[in-house]
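*Asks:* Got query_37.cif for you, mmCIF, C-alpha atoms:
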```
data_input
#
loop_
_atom_site.group_PDB
_atom_site.id
_atom_site.type_symbol
_atom_site.label_atom_id
_atom_site.label_comp_id
_atom_site.auth_asym_id
_atom_site.auth_seq_id
_atom_site.Cartn_x
_atom_site.Cartn_y
_atom_site.Cartn_z
ATOM 1 C CA MET A 1437 -10.242 131.550 146.078
ATOM 2 C CA LYS A 1438 -10.551 134.735 148.088
ATOM 3 C CA LEU A 1439 -9.465 134.257 151.699
ATOM 4 C CA LEU A 1440 -11.413 135.904 154.503
ATOM 5 C CA SER A 1441 -9.464 138.358 156.597
ATOM 6 C CA LYS A 1442 -8.664 137.531 160.184
ATOM 7 C CA SER A 1443 -10.880 140.371 161.386
ATOM 8 C CA THR A 1444 -13.832 139.076 159.331
ATOM 9 C CA ILE A 1445 -13.422 135.568 160.735
ATOM 10 C CA LEU A 1446 -13.183 136.910 164.291
ATOM 11 C CA ALA A 1447 -16.251 139.067 163.767
ATOM 12 C CA SER A 1448 -18.221 136.081 162.450
ATOM 13 C CA LEU A 1449 -17.160 133.942 165.399
ATOM 14 C CA PHE A 1450 -18.058 136.713 167.818
ATOM 15 C CA PHE A 1451 -21.518 137.116 166.255
ATOM 16 C CA ALA A 1452 -22.176 133.362 166.390
ATOM 17 C CA SER A 1453 -21.058 133.252 170.009
ATOM 18 C CA ALA A 1454 -23.250 136.210 170.873
ATOM 19 C CA ILE A 1455 -26.315 134.564 169.330
ATOM 20 C CA ALA A 1456 -25.571 131.325 171.195
ATOM 21 C CA ALA A 1457 -25.182 133.195 174.474
ATOM 22 C CA VAL A 1458 -28.451 135.065 173.976
ATOM 23 C CA ALA A 1459 -30.255 131.848 173.083
ATOM 24 C CA THR A 1460 -28.872 130.133 176.193
ATOM 25 C CA ASP A 1461 -30.152 132.901 178.470
ATOM 26 C CA PHE A 1462 -33.374 133.390 176.519
ATOM 27 C CA PRO A 1463 -35.778 134.812 177.527
ATOM 28 C CA THR A 1464 -34.493 137.633 179.701
ATOM 29 C CA LYS A 1465 -37.722 139.676 179.518
ATOM 30 C CA SER A 1466 -41.435 139.367 178.871
ATOM 31 C CA MET A 1467 -42.511 137.995 175.477
ATOM 32 C CA THR A 1468 -45.418 138.934 173.194
ATOM 33 C CA TYR A 1469 -47.711 136.194 171.881
ATOM 34 C CA ILE A 1470 -49.857 137.401 168.953
ATOM 35 C CA LEU A 1471 -53.022 135.511 168.064
ATOM 36 C CA PRO A 1472 -54.344 136.113 164.524
ATOM 37 C CA PHE A 1473 -57.937 135.412 165.603
ATOM 38 C CA ASN A 1474 -60.550 136.802 167.975
ATOM 39 C CA ALA A 1475 -60.604 135.926 171.645
ATOM 40 C CA GLY A 1476 -62.692 132.910 172.603
ATOM 41 C CA GLY A 1477 -61.568 130.320 170.059
ATOM 42 C CA GLU A 1478 -59.336 127.278 170.480
ATOM 43 C CA SER A 1479 -56.189 129.269 169.691
ATOM 44 C CA ASP A 1480 -57.045 131.614 172.536
ATOM 45 C CA VAL A 1481 -57.925 128.863 175.000
ATOM 46 C CA SER A 1482 -54.694 126.926 174.444
ATOM 47 C CA ALA A 1483 -52.630 130.144 174.546
ATOM 48 C CA ARG A 1484 -54.188 130.999 177.913
ATOM 49 C CA TYR A 1485 -53.322 127.544 179.213
ATOM 50 C CA GLN A 1486 -49.755 128.025 177.966
ATOM 51 C CA GLN A 1487 -49.604 131.492 179.520
ATOM 52 C CA ALA A 1488 -50.404 129.973 182.912
ATOM 53 C CA GLU A 1489 -47.275 127.779 182.634
ATOM 54 C CA TRP A 1490 -44.981 130.220 180.827
ATOM 55 C CA ALA A 1491 -43.420 131.905 183.860
ATOM 56 C CA ASN A 1492 -42.892 128.547 185.591
ATOM 57 C CA VAL A 1493 -40.977 127.224 182.590
ATOM 58 C CA THR A 1494 -39.077 130.341 181.474
ATOM 59 C CA GLY A 1495 -39.021 132.604 184.528
ATOM 60 C CA LYS A 1496 -40.624 135.366 182.441
ATOM 61 C CA SER A 1497 -44.185 136.263 181.523
ATOM 62 C CA VAL A 1498 -45.872 136.265 178.123
ATOM 63 C CA VAL A 1499 -48.453 138.840 177.011
ATOM 64 C CA ILE A 1500 -51.213 137.765 174.613
ATOM 65 C CA GLN A 1501 -52.386 140.185 171.928
ATOM 66 C CA TYR A 1502 -55.086 139.776 169.284
ATOM 67 C CA GLN A 1503 -54.796 140.779 165.632
ATOM 68 C CA PRO A 1504 -57.832 139.157 163.950
ATOM 69 C CA GLY A 1505 -58.830 139.550 160.347
ATOM 70 C CA ALA A 1506 -59.199 137.593 157.095
ATOM 71 C CA GLY A 1507 -59.147 134.227 158.863
ATOM 72 C CA GLY A 1508 -55.640 134.893 160.208
ATOM 73 C CA ALA A 1509 -54.172 136.241 156.962
ATOM 74 C CA LYS A 1510 -54.068 139.832 158.201
ATOM 75 C CA ALA A 1511 -51.606 138.989 160.972
ATOM 76 C CA TRP A 1512 -49.612 136.394 159.007
ATOM 77 C CA SER A 1513 -49.023 138.893 156.217
ATOM 78 C CA GLN A 1514 -47.376 141.225 158.754
ATOM 79 C CA LEU A 1515 -45.271 138.650 160.597
ATOM 80 C CA ASN A 1516 -41.990 139.187 158.756
ATOM 81 C CA LYS A 1517 -42.158 142.934 159.376
ATOM 82 C CA ILE A 1518 -41.652 142.277 163.088
ATOM 83 C CA VAL A 1519 -38.132 142.354 164.511
ATOM 84 C CA GLY A 1520 -36.871 138.765 164.718
ATOM 85 C CA ASP A 1521 -35.360 138.984 168.184
ATOM 86 C CA GLY A 1522 -37.294 135.995 169.493
ATOM 87 C CA TYR A 1523 -39.490 138.050 171.806
ATOM 88 C CA THR A 1524 -42.510 138.197 169.501
ATOM 89 C CA ILE A 1525 -44.198 134.945 168.516
ATOM 90 C CA MET A 1526 -47.411 134.380 166.578
ATOM 91 C CA GLY A 1527 -49.977 131.624 166.499
ATOM 92 C CA ILE A 1528 -50.075 129.657 163.259
ATOM 93 C CA ASN A 1529 -52.649 127.187 161.926
ATOM 94 C CA LEU A 1530 -52.828 124.398 159.408
ATOM 95 C CA PRO A 1531 -54.446 124.036 156.932
ATOM 96 C CA HIS A 1532 -55.142 127.806 156.869
ATOM 97 C CA THR A 1533 -51.576 128.794 155.965
ATOM 98 C CA VAL A 1534 -51.471 126.321 153.077
ATOM 99 C CA LEU A 1535 -54.964 126.825 151.660
ATOM 100 C CA GLN A 1536 -55.205 130.619 151.935
ATOM 101 C CA PRO A 1537 -52.278 131.464 149.611
ATOM 102 C CA MET A 1538 -53.614 128.998 147.051
ATOM 103 C CA SER A 1539 -56.844 130.984 146.839
ATOM 104 C CA GLY A 1540 -55.177 134.207 145.678
ATOM 105 C CA ASN A 1541 -53.219 137.132 147.030
ATOM 106 C CA VAL A 1542 -53.641 137.098 150.812
ATOM 107 C CA GLY A 1543 -50.494 139.073 151.605
ATOM 108 C CA TYR A 1544 -48.228 136.112 152.289
ATOM 109 C CA LYS A 1545 -47.118 132.766 150.860
ATOM 110 C CA THR A 1546 -46.849 129.516 152.788
ATOM 111 C CA GLU A 1547 -43.061 129.524 152.425
ATOM 112 C CA ASP A 1548 -42.870 133.058 153.874
ATOM 113 C CA LEU A 1549 -43.878 131.737 157.286
ATOM 114 C CA THR A 1550 -41.540 130.191 159.835
ATOM 115 C CA PRO A 1551 -43.351 127.747 162.123
ATOM 116 C CA VAL A 1552 -41.251 126.538 165.046
ATOM 117 C CA HIS A 1553 -43.651 124.166 166.802
ATOM 118 C CA TYR A 1554 -47.092 122.572 166.380
ATOM 119 C CA PHE A 1555 -48.435 121.668 169.792
ATOM 120 C CA HIS A 1556 -52.018 120.494 169.389
ATOM 121 C CA TYR A 1557 -54.674 119.228 167.023
ATOM 122 C CA THR A 1558 -58.444 119.750 167.208
ATOM 123 C CA PRO A 1559 -60.905 117.693 165.135
ATOM 124 C CA ASN A 1560 -63.708 119.344 163.212
ATOM 125 C CA ALA A 1561 -67.215 118.821 164.572
ATOM 126 C CA ILE A 1562 -70.772 119.758 163.624
ATOM 127 C CA PHE A 1563 -72.748 121.759 166.187
ATOM 128 C CA VAL A 1564 -76.292 123.092 166.414
ATOM 129 C CA ASN A 1565 -77.682 125.332 169.131
ATOM 130 C CA LYS A 1566 -79.441 123.765 172.087
ATOM 131 C CA ASP A 1567 -82.910 124.597 170.759
ATOM 132 C CA SER A 1568 -82.326 123.170 167.285
ATOM 133 C CA LYS A 1569 -84.816 120.634 166.007
ATOM 134 C CA PHE A 1570 -81.920 118.569 164.701
ATOM 135 C CA LYS A 1571 -80.943 115.910 167.236
ATOM 136 C CA THR A 1572 -78.731 113.790 164.966
ATOM 137 C CA LEU A 1573 -76.464 114.280 161.987
ATOM 138 C CA GLN A 1574 -78.766 112.226 159.799
ATOM 139 C CA GLU A 1575 -81.719 114.500 160.571
ATOM 140 C CA LEU A 1576 -79.649 117.505 159.486
ATOM 141 C CA ILE A 1577 -78.517 115.754 156.312
ATOM 142 C CA GLU A 1578 -82.081 114.712 155.399
ATOM 143 C CA HIS A 1579 -83.196 118.326 155.831
ATOM 144 C CA ALA A 1580 -80.324 119.506 153.634
ATOM 145 C CA LYS A 1581 -81.312 117.054 150.896
ATOM 146 C CA LYS A 1582 -84.823 118.481 150.843
ATOM 147 C CA ASN A 1583 -83.625 122.088 151.022
ATOM 148 C CA PRO A 1584 -80.554 122.554 148.767
ATOM 149 C CA ALA A 1585 -78.241 125.396 149.865
ATOM 150 C CA MET A 1586 -80.623 126.411 152.662
ATOM 151 C CA VAL A 1587 -78.640 124.763 155.470
ATOM 152 C CA THR A 1588 -75.938 127.198 156.566
ATOM 153 C CA PHE A 1589 -72.728 126.255 158.391
ATOM 154 C CA ALA A 1590 -70.794 128.837 160.401
ATOM 155 C CA GLY A 1591 -67.040 128.242 160.276
ATOM 156 C CA SER A 1592 -63.686 129.781 161.080
ATOM 157 C CA GLY A 1593 -62.584 131.573 157.929
ATOM 158 C CA SER A 1594 -62.624 130.775 154.232
ATOM 159 C CA ASN A 1595 -60.287 128.045 152.955
ATOM 160 C CA SER A 1596 -59.856 126.708 156.472
ATOM 161 C CA SER A 1597 -60.165 123.218 157.914
ATOM 162 C CA ASN A 1598 -63.807 123.979 158.776
ATOM 163 C CA ASN A 1599 -64.447 125.071 155.195
ATOM 164 C CA LEU A 1600 -62.785 121.936 153.827
ATOM 165 C CA ALA A 1601 -64.861 119.713 156.140
ATOM 166 C CA ALA A 1602 -68.140 121.331 155.072
ATOM 167 C CA ILE A 1603 -67.329 120.859 151.379
ATOM 168 C CA LYS A 1604 -66.269 117.273 151.951
ATOM 169 C CA LEU A 1605 -69.481 116.444 153.816
ATOM 170 C CA ASN A 1606 -71.469 117.868 150.900
ATOM 171 C CA LYS A 1607 -69.716 115.419 148.598
ATOM 172 C CA LEU A 1608 -69.964 112.415 150.911
ATOM 173 C CA ALA A 1609 -73.617 112.962 151.817
ATOM 174 C CA GLY A 1610 -74.773 114.143 148.402
ATOM 175 C CA ILE A 1611 -76.041 117.469 149.708
ATOM 176 C CA LYS A 1612 -75.557 121.157 148.992
ATOM 177 C CA THR A 1613 -75.081 123.493 151.958
ATOM 178 C CA THR A 1614 -73.857 127.064 152.358
ATOM 179 C CA TYR A 1615 -70.658 127.749 154.297
ATOM 180 C CA VAL A 1616 -70.542 131.109 156.110
ATOM 181 C CA PRO A 1617 -66.973 132.142 157.073
ATOM 182 C CA PHE A 1618 -66.347 134.144 160.244
ATOM 183 C CA SER A 1619 -63.120 135.729 161.479
ATOM 184 C CA GLY A 1620 -62.491 133.012 164.052
ATOM 185 C CA VAL A 1621 -64.026 130.234 166.138
ATOM 186 C CA GLY A 1622 -65.398 132.686 168.723
ATOM 187 C CA PRO A 1623 -67.652 134.573 166.250
ATOM 188 C CA SER A 1624 -68.617 131.263 164.603
ATOM 189 C CA VAL A 1625 -69.803 129.845 167.918
ATOM 190 C CA ALA A 1626 -71.718 133.058 168.648
ATOM 191 C CA ALA A 1627 -73.492 132.676 165.296
ATOM 192 C CA ILE A 1628 -74.476 129.079 166.078
ATOM 193 C CA ILE A 1629 -75.766 129.932 169.556
ATOM 194 C CA GLY A 1630 -77.582 132.989 168.262
ATOM 195 C CA GLY A 1631 -79.300 131.049 165.498
ATOM 196 C CA GLN A 1632 -77.713 133.123 162.738
ATOM 197 C CA THR A 1633 -76.822 129.883 160.961
ATOM 198 C CA THR A 1634 -78.477 126.473 160.878
ATOM 199 C CA ALA A 1635 -75.397 124.801 162.309
ATOM 200 C CA GLY A 1636 -71.646 125.152 162.494
ATOM 201 C CA PHE A 1637 -68.539 123.311 161.436
ATOM 202 C CA VAL A 1638 -66.105 124.310 164.169
ATOM 203 C CA TYR A 1639 -63.696 122.449 166.436
ATOM 204 C CA ALA A 1640 -64.637 119.879 169.078
ATOM 205 C CA PRO A 1641 -63.356 121.807 172.156
ATOM 206 C CA SER A 1642 -65.981 124.478 171.518
ATOM 207 C CA ALA A 1643 -68.449 122.126 173.203
ATOM 208 C CA LEU A 1644 -66.775 122.632 176.567
ATOM 209 C CA GLN A 1645 -66.430 126.393 176.343
ATOM 210 C CA VAL A 1646 -70.126 127.241 176.073
ATOM 211 C CA GLY A 1647 -71.703 124.652 178.349
ATOM 212 C CA ASP A 1648 -75.045 123.345 177.132
ATOM 213 C CA LYS A 1649 -75.665 126.166 174.645
ATOM 214 C CA MET A 1650 -74.693 123.924 171.722
ATOM 215 C CA ARG A 1651 -75.161 120.274 170.804
ATOM 216 C CA MET A 1652 -72.442 118.318 168.988
ATOM 217 C CA LEU A 1653 -73.814 115.957 166.349
ATOM 218 C CA ALA A 1654 -70.602 114.326 165.090
ATOM 219 C CA VAL A 1655 -66.827 114.677 165.395
ATOM 220 C CA ALA A 1656 -64.181 114.190 162.699
ATOM 221 C CA SER A 1657 -61.774 112.090 164.755
ATOM 222 C CA GLU A 1658 -60.643 108.538 164.076
ATOM 223 C CA GLU A 1659 -62.233 107.331 167.311
ATOM 224 C CA ARG A 1660 -64.583 108.811 169.883
ATOM 225 C CA MET A 1661 -62.844 111.411 172.011
ATOM 226 C CA PRO A 1662 -62.506 110.794 175.790
ATOM 227 C CA ALA A 1663 -63.842 114.298 176.463
ATOM 228 C CA PHE A 1664 -66.980 113.532 174.405
ATOM 229 C CA PRO A 1665 -67.694 109.808 174.819
ATOM 230 C CA ASP A 1666 -71.332 110.118 173.726
ATOM 231 C CA VAL A 1667 -70.609 111.902 170.440
ATOM 232 C CA PRO A 1668 -70.291 109.593 167.417
ATOM 233 C CA THR A 1669 -67.582 110.021 164.820
ATOM 234 C CA PHE A 1670 -68.501 110.721 161.210
ATOM 235 C CA LYS A 1671 -66.928 107.380 160.334
ATOM 236 C CA GLU A 1672 -69.290 105.588 162.717
ATOM 237 C CA LEU A 1673 -72.194 107.250 160.922
ATOM 238 C CA GLY A 1674 -70.962 106.138 157.519
ATOM 239 C CA TYR A 1675 -69.066 109.233 156.347
ATOM 240 C CA ASP A 1676 -65.306 108.952 155.880
ATOM 241 C CA LEU A 1677 -64.595 112.403 157.255
ATOM 242 C CA VAL A 1678 -61.537 112.840 159.484
ATOM 243 C CA GLY A 1679 -59.705 116.138 159.911
ATOM 244 C CA GLY A 1680 -59.213 119.327 161.843
ATOM 245 C CA ALA A 1681 -56.696 122.034 162.592
ATOM 246 C CA TYR A 1682 -53.131 121.956 163.823
ATOM 247 C CA ARG A 1683 -52.078 124.929 165.926
ATOM 248 C CA GLY A 1684 -48.591 126.088 166.685
ATOM 249 C CA LEU A 1685 -46.228 129.008 166.900
ATOM 250 C CA SER A 1686 -44.312 130.914 164.257
ATOM 251 C CA VAL A 1687 -41.663 133.634 164.314
ATOM 252 C CA PRO A 1688 -40.397 136.281 161.884
ATOM 253 C CA LYS A 1689 -38.087 134.801 159.260
ATOM 254 C CA SER A 1690 -35.202 136.949 160.590
ATOM 255 C CA THR A 1691 -35.264 135.094 163.919
ATOM 256 C CA PRO A 1692 -31.969 133.195 164.450
ATOM 257 C CA ILE A 1693 -32.195 129.408 164.271
ATOM 258 C CA GLU A 1694 -30.967 128.967 167.838
ATOM 259 C CA MET A 1695 -33.814 131.122 169.106
ATOM 260 C CA ARG A 1696 -36.307 129.199 166.977
ATOM 261 C CA LYS A 1697 -35.116 126.004 168.642
ATOM 262 C CA LYS A 1698 -35.267 127.597 172.073
ATOM 263 C CA ILE A 1699 -38.894 128.663 171.579
ATOM 264 C CA SER A 1700 -39.717 125.158 170.362
ATOM 265 C CA ASP A 1701 -38.060 123.741 173.494
ATOM 266 C CA ILE A 1702 -40.168 126.032 175.696
ATOM 267 C CA ILE A 1703 -43.363 124.764 174.089
ATOM 268 C CA SER A 1704 -42.238 121.131 174.381
ATOM 269 C CA THR A 1705 -41.584 121.652 178.088
ATOM 270 C CA ILE A 1706 -44.977 123.291 178.619
ATOM 271 C CA ASN A 1707 -46.611 120.366 176.789
ATOM 272 C CA LYS A 1708 -45.210 118.054 179.463
ATOM 273 C CA GLN A 1709 -46.479 120.016 182.478
ATOM 274 C CA PRO A 1710 -49.065 117.809 184.264
ATOM 275 C CA GLU A 1711 -51.586 120.587 184.878
ATOM 276 C CA PHE A 1712 -51.331 121.777 181.285
ATOM 277 C CA MET A 1713 -51.775 118.244 179.955
ATOM 278 C CA LYS A 1714 -54.823 117.744 182.166
ATOM 279 C CA LYS A 1715 -56.468 120.985 180.998
ATOM 280 C CA MET A 1716 -55.807 120.262 177.341
ATOM 281 C CA GLN A 1717 -57.055 116.677 177.427
ATOM 282 C CA GLU A 1718 -60.163 117.568 179.412
ATOM 283 C CA GLY A 1719 -60.719 120.444 176.999
ATOM 284 C CA GLY A 1720 -60.881 118.160 173.976
ATOM 285 C CA PHE A 1721 -57.455 119.036 172.565
ATOM 286 C CA VAL A 1722 -55.093 116.389 171.193
ATOM 287 C CA LEU A 1723 -51.534 117.262 172.195
ATOM 288 C CA THR A 1724 -48.780 116.998 169.589
ATOM 289 C CA ASP A 1725 -45.062 117.719 169.886
ATOM 290 C CA ILE A 1726 -43.897 118.629 166.402
ATOM 291 C CA THR A 1727 -40.637 120.410 167.145
ATOM 292 C CA TYR A 1728 -38.565 122.742 164.988
ATOM 293 C CA GLU A 1729 -36.284 119.874 163.911
ATOM 294 C CA LYS A 1730 -39.301 117.980 162.519
ATOM 295 C CA MET A 1731 -40.903 121.015 160.907
ATOM 296 C CA ASP A 1732 -39.747 120.746 157.275
ATOM 297 C CA GLU A 1733 -40.880 117.140 156.943
ATOM 298 C CA PHE A 1734 -44.195 117.785 158.702
ATOM 299 C CA VAL A 1735 -45.123 120.883 156.686
ATOM 300 C CA SER A 1736 -44.128 119.195 153.428
ATOM 301 C CA LYS A 1737 -46.377 116.217 154.194
ATOM 302 C CA LYS A 1738 -49.310 118.410 155.203
ATOM 303 C CA THR A 1739 -48.887 120.666 152.177
ATOM 304 C CA ALA A 1740 -49.260 117.662 149.883
ATOM 305 C CA GLU A 1741 -52.350 116.527 151.807
ATOM 306 C CA TYR A 1742 -53.985 119.967 151.750
ATOM 307 C CA THR A 1743 -53.212 120.445 148.081
ATOM 308 C CA GLU A 1744 -55.577 117.565 147.448
ATOM 309 C CA GLY A 1745 -58.078 119.288 149.734
ATOM 310 C CA ALA A 1746 -57.726 122.464 147.713
ATOM 311 C CA LYS A 1747 -58.976 120.595 144.673
ATOM 312 C CA THR A 1748 -62.084 119.622 146.647
ATOM 313 C CA LEU A 1749 -62.637 123.259 147.578
ATOM 314 C CA GLY A 1750 -62.205 124.268 143.965
ATOM 315 C CA ILE A 1751 -59.254 126.518 144.818
ATOM 316 C CA ILE A 1752 -57.063 124.755 142.297
ATOM 317 C CA LYS A 1753 -57.730 122.274 139.526
#
```
Would you write the structure of this file as structure tokens?

*Replies:*
Amino acid sequence: MKLLSKSTILASLFFASAIAAVATDFPTKSMTYILPFNAGGESDVSARYQQAEWANVTGKSVVIQYQPGAGGAKAWSQLNKIVGDGYTIMGINLPHTVLQPMSGNVGYKTEDLTPVHYFHYTPNAIFVNKDSKFKTLQELIEHAKKNPAMVTFAGSGSNSSNNLAAIKLNKLAGIKTTYVPFSGVGPSVAAIIGGQTTAGFVYAPSALQVGDKMRMLAVASEERMPAFPDVPTFKELGYDLVGGAYRGLSVPKSTPIEMRKKISDIISTINKQPEFMKKMQEGGFVLTDITYEKMDEFVSKKTAEYTEGAKTLGIIK
């Protein structure tokens, strides 16, 4: 067995100590928070709420930047090219980052990404604009049965949670609709309000961001949400449809583990701030606290679940 030299051992110890020291003091300057979607969607709203608490928790500010494109894939494919010093973090979504690579070459693989925390969950929901003739989900479904493929659903990206929900409803209700992918929730909501599509499969909090410009017909949660007590669940209406998107933060793969944990700790602390909790709950978000230590188990479980969903989408056989 080849023995390490004293100088090599000392150098290794020094490097480990240096990383630990940096992580302990982290952050010592402003951080950059990249969102892989357009402004206006749920990722943006929750990031803005986090930004309001960031300085209180860390003593430093965070700057939000947008890099939309390909339903998030454009930014995720570039993540590992960023210096992994802990000062650049990127929003990450499930099931997007599992389903997209299954569909073909999107510039990254699921295992290329390094999530450090998943902090909230938003159920899928069906919306129509305020002037729509459809007042209930059943009215929309009956119309779809009479007009195959003519009902269009706006949604956030291809092979996303919205996309999966639309396909699943087709199967459950015995209908054929057309899913129209947009680059994020913001453009999807604009399409619904503008009447570019018949309806939209986006996330429940969208209802609170546009006032009375849209009407929610059903939500894919297990039970009615406190923020929307008058909106029935799909299950109530006879359709076993439950699902949505998990949102979190990821870092470049070169980021040291101690810094990954530190970023996860920051998000956990923000999740516990009373004002943040109030905003998120009133905004229709479901807070989660899936920390870096729980990440491998969580992602593995979700990957298995979404692999089954991929079969429904026809991505894989």

*Asks:* Rank A:Val1552, A:Ile1702, A:Val1564, A:Val1498 by their smallest atom-to-atom distance to A:Arg1683, using all atoms listed in the file, and report the top residue only.

*Replies:*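 Of the candidates, the smallest distance to A:Arg1683 is held by A:Val1552.
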
*Asks:* Hey, which of A:Ser1513, A:Gln1717, A:Thr1748, A:Thr1572 ends up closest to A:Leu1653? Count all atoms listed in the file.

*Replies:* A:Thr1572

*Asks:* Which residues come within 9 Å of A:Ala1643, counting all atoms listed in the file, excluding same-chain residues fewer than 6 positions away, as a ChimeraX atom specification?

*Replies:* /A:1563,1649-1652,1664,1719-1720

*Asks:* When you draw a straight line from atom CA of A:Trp1490 to atom CA of A:Tyr1544, how long is it in Å?

*Replies:*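 Distance between the two atoms: 29.3 Å.
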
*Asks:* So what do you get for atom CA of A:Pro1531 versus atom CA of A:Thr1739, distance-wise?

*Replies:*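 Calculated distance between atom CA of A:Pro1531 and atom CA of A:Thr1739 is 8.1 Å.
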
*Asks:* Identify which of the residues A:Gly1631, A:Gly1680, A:Gly1476, A:Pro1710 lies closest to A:Val1722, counting only C-alpha atoms when measuring atom-to-atom distances.

*Replies:*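 Result for the nearest residue to A:Val1722: A:Gly1680.
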
*Asks:* Report the distance between atom CA of A:Tyr1682 and atom CA of A:Ala1746 in Å, rounded to one decimal place.

*Replies:*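 Atom CA of A:Ala1746 lies 16.8 Å from atom CA of A:Tyr1682.
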
*Asks:* For the provided coordinates, the residues matched by the PyMOL selection byres ((chain A and resi 1665-1670) around 12) should be stated as a ChimeraX atom specification.

*Replies:* /A:1559-1563,1571-1574,1601,1604-1605,1608-1609,1640,1643,1651-1664,1671-1679,1718,1720

*Asks:* A:Gln1501, A:Leu1576, A:Gly1647, A:Gly1507: which is nearest A:Thr1613, counting all atoms listed in the file?

*Replies:*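 Looking only at the distances to A:Thr1613, the closest residue turns out to be A:Leu1576.
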
*Asks:* Name the residues, using the chain letters and numbers of the file, that sit within 12 Å of (-64.5, 124.6, 143.0) when counting all atoms listed in the file, and give them as a PyMOL selection string.

*Replies:* chain A and resi 1539+1595+1600+1603-1604+1607+1745-1753

*Asks:* What would stretch 1587-1599 of chain A look like with N, CA and C atoms restored, written as a PDB file, in the coordinates of the input?

*Replies:*
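Dumped everything to out39.pdb:
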```
ATOM      1  N   VAL A1587     -79.341 125.037 154.206  1.00  0.00           N
ATOM      2  CA  VAL A1587     -78.640 124.763 155.470  1.00  0.00           C
ATOM      3  C   VAL A1587     -77.336 125.540 155.469  1.00  0.00           C
ATOM      4  N   THR A1588     -77.150 126.375 156.482  1.00  0.00           N
ATOM      5  CA  THR A1588     -75.938 127.198 156.566  1.00  0.00           C
ATOM      6  C   THR A1588     -75.038 126.709 157.689  1.00  0.00           C
ATOM      7  N   PHE A1589     -73.725 126.658 157.414  1.00  0.00           N
ATOM      8  CA  PHE A1589     -72.728 126.255 158.391  1.00  0.00           C
ATOM      9  C   PHE A1589     -71.820 127.446 158.719  1.00  0.00           C
ATOM     10  N   ALA A1590     -71.790 127.856 159.971  1.00  0.00           N
ATOM     11  CA  ALA A1590     -70.794 128.837 160.401  1.00  0.00           C
ATOM     12  C   ALA A1590     -69.448 128.130 160.488  1.00  0.00           C
ATOM     13  N   GLY A1591     -68.371 128.833 160.184  1.00  0.00           N
ATOM     14  CA  GLY A1591     -67.040 128.242 160.276  1.00  0.00           C
ATOM     15  C   GLY A1591     -65.976 129.297 160.417  1.00  0.00           C
ATOM     16  N   SER A1592     -64.801 128.868 160.817  1.00  0.00           N
ATOM     17  CA  SER A1592     -63.686 129.781 161.080  1.00  0.00           C
ATOM     18  C   SER A1592     -62.913 130.079 159.800  1.00  0.00           C
ATOM     19  N   GLY A1593     -63.334 131.106 159.089  1.00  0.00           N
ATOM     20  CA  GLY A1593     -62.584 131.573 157.929  1.00  0.00           C
ATOM     21  C   GLY A1593     -62.829 130.779 156.658  1.00  0.00           C
ATOM     22  N   SER A1594     -62.572 131.443 155.528  1.00  0.00           N
ATOM     23  CA  SER A1594     -62.624 130.775 154.232  1.00  0.00           C
ATOM     24  C   SER A1594     -61.347 129.951 154.039  1.00  0.00           C
ATOM     25  N   ASN A1595     -61.449 128.883 153.280  1.00  0.00           N
ATOM     26  CA  ASN A1595     -60.287 128.045 152.955  1.00  0.00           C
ATOM     27  C   ASN A1595     -59.574 127.559 154.213  1.00  0.00           C
ATOM     28  N   SER A1596     -60.369 127.223 155.203  1.00  0.00           N
ATOM     29  CA  SER A1596     -59.856 126.708 156.472  1.00  0.00           C
ATOM     30  C   SER A1596     -60.209 125.232 156.589  1.00  0.00           C
ATOM     31  N   SER A1597     -59.810 124.611 157.682  1.00  0.00           N
ATOM     32  CA  SER A1597     -60.165 123.218 157.914  1.00  0.00           C
ATOM     33  C   SER A1597     -61.676 123.060 158.018  1.00  0.00           C
ATOM     34  N   ASN A1598     -62.341 124.019 158.677  1.00  0.00           N
ATOM     35  CA  ASN A1598     -63.807 123.979 158.776  1.00  0.00           C
ATOM     36  C   ASN A1598     -64.442 124.024 157.396  1.00  0.00           C
ATOM     37  N   ASN A1599     -63.949 124.917 156.552  1.00  0.00           N
ATOM     38  CA  ASN A1599     -64.447 125.071 155.195  1.00  0.00           C
ATOM     39  C   ASN A1599     -64.265 123.770 154.405  1.00  0.00           C
TER      40      ASN A1599
END
```
